[in-house]
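Take a look at the structure set out below.
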Amino acid sequence: MTEARNSAVPAGIRSAEELKQAPEEYQLAIRKIVRSHAVNELYGAQVFDEPAIALAPTPYAKWLTCRVAMEEYGHHVRFRELGEQIGVPAAELTPEGRQPLSIFAFPLASWEEFCVIKLLADLAEILQVEDLLHCTFHPLRNLARMTMPEERFHAQFGKDFCIELCRTAEGRARVQAAIDRVFPLLPAFFGQSGSRNNVLYRQFGIKQRSNEEMRADYIARARALVEEQLQLKLPAVAEAA
Ligand SMILES: [Fe+2]
Ligand SMILES: [Fe+2]
């Protein structure tokens with residue numbers, strides 16, 4: 001947060017066209033971030049949100065899950081469009097042939113697990129999107145501002161259904177078991193501590209916070225949700241990645 005802003009980059013880059021005038025390193029950084037969002041949004045929609053429609057226990061839950069799946073596919077579509085505008089090759093904008101982040105390898109098998117993924121993985125996504133709300137590349141900043149209310153809805157969806165499940169002793173035990181399986185995969189979502197790329201992103205005003213700062217904030221927010229709101233236990237995880 002303390003690094004001086006790189007003076008080679010203007011305070012605001014308003015379009016894909018203007019991006020072509022920015023330093024090559026800045027352009028590469030933007031392409032990398034947009035590509036990773038496009039890939040992760042599609043991964044999540046394919047392995048979690050769409051299959052969860054079949055797991056949802058009631059027509060009401062299926063209806064809301066359809067909305068979540070629609071929005072996650074929509075996020076992919078928007079990040080993909082931006083990726084295409086800024087010259088990311090189409091093959092790099094989908095998960096095919098890529099090593100997934102560990103969370104996407106989680107074998108979703110139950111409705112409780114899906115609710116916990118929305119509660120905790122979408123909270124991680126909210127932190128990532130929050131960090132882009134003041135990004136110097138305005139098309140990316142605008143996309144973050146557009147998707148943010150939907151990510152908040154997904155996390156709220158997870159919280160509401162987890163609270164409902166926790167009304168019975170059996171439901172509480174199943175939600176706790178899902179948290180124990182899902183949560184340990186999530187701190188790695190924030191990338192390596194001491195990342196050189198991340199220093200560059202902050203110097204360029206693309207991102208605001210370091211990976212380790214975001215990870216610590218995430219764990220604190222996840223703990224407040226799980227322990228204060230749900231009255232369950234957040235498993236201990238290593239903070240360093
Ligand atoms: Fe999303
Ligand atoms: Fe989401």
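Residue names in the structure tokens use chain letters A, B, ... in the order shown, residue numbers from 1 in each chain, and ligand numbers from 1 in the order shown.
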
Tell me, as a list of chain:residue names, which residues lie within 10 Å of His37 (chain A), counting only C-alpha atoms; anything in the same chain fewer than 4 positions away does not count.
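Listing them by chain and then by number gives A:Lys32, A:Ile33, A:Glu41, A:Leu42, A:Tyr43, A:His75, A:His76, A:Arg78, A:Phe79, A:Arg80, A:Gly83, A:Leu93, A:Thr94, A:Glu125, A:Gln128, A:Val129.
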
Surrounding residues of region 189-195 of chain A excluding itself and chain neighbours under 6 positions, 12 Å, only C-alpha atoms, as a ChimeraX atom specification:
/A:36-37,40,100-104,120-129,131,183,201-202,209-219,238-241

Counting only C-alpha atoms and all ligand atoms, which protein, DNA or RNA residues come within 6 Å of ligand 2, given as an NGL selection string?
:A and (72 or 122 or 151 or 154)

Do a neighbour search on Gly12 (chain A) at 8 Å with only C-alpha atoms, toss out local chain neighbours closer than 3 positions, and write the hits as a VMD selection string.
chain A and resid 136 to 138

Generate a file of the selected residues that holds C-alpha atoms, formatted as a CSV table (one decimal), in the first residue's frame.
```csv
chain,number,residue,atom,x,y,z
A,136,THR,CA,-6.6,2.8,-12.9
A,137,PHE,CA,-7.9,0.8,-16.0
A,138,HIS,CA,-11.4,2.1,-16.0
```

Which one of A:Gly44, A:Pro89, A:Pro107, A:Pro57 sits closest to ligand 1 if you count only C-alpha atoms and all ligand atoms?
A:Gly44

Enter the distance from CA of Leu232 (chain A) to CA of Ser110 (chain A), in Å, rounded to one decimal.
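If I compute the distance from CA of Leu232 (chain A) to CA of Ser110 (chain A), I get 18.7 Å.
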
From the list A:Arg152, A:His134, A:Arg141, A:Arg35, which residue is nearest ligand 1 when using only C-alpha atoms and all ligand atoms?
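Residue with the minimum atom-to-atom distance to ligand 1: A:Arg152.
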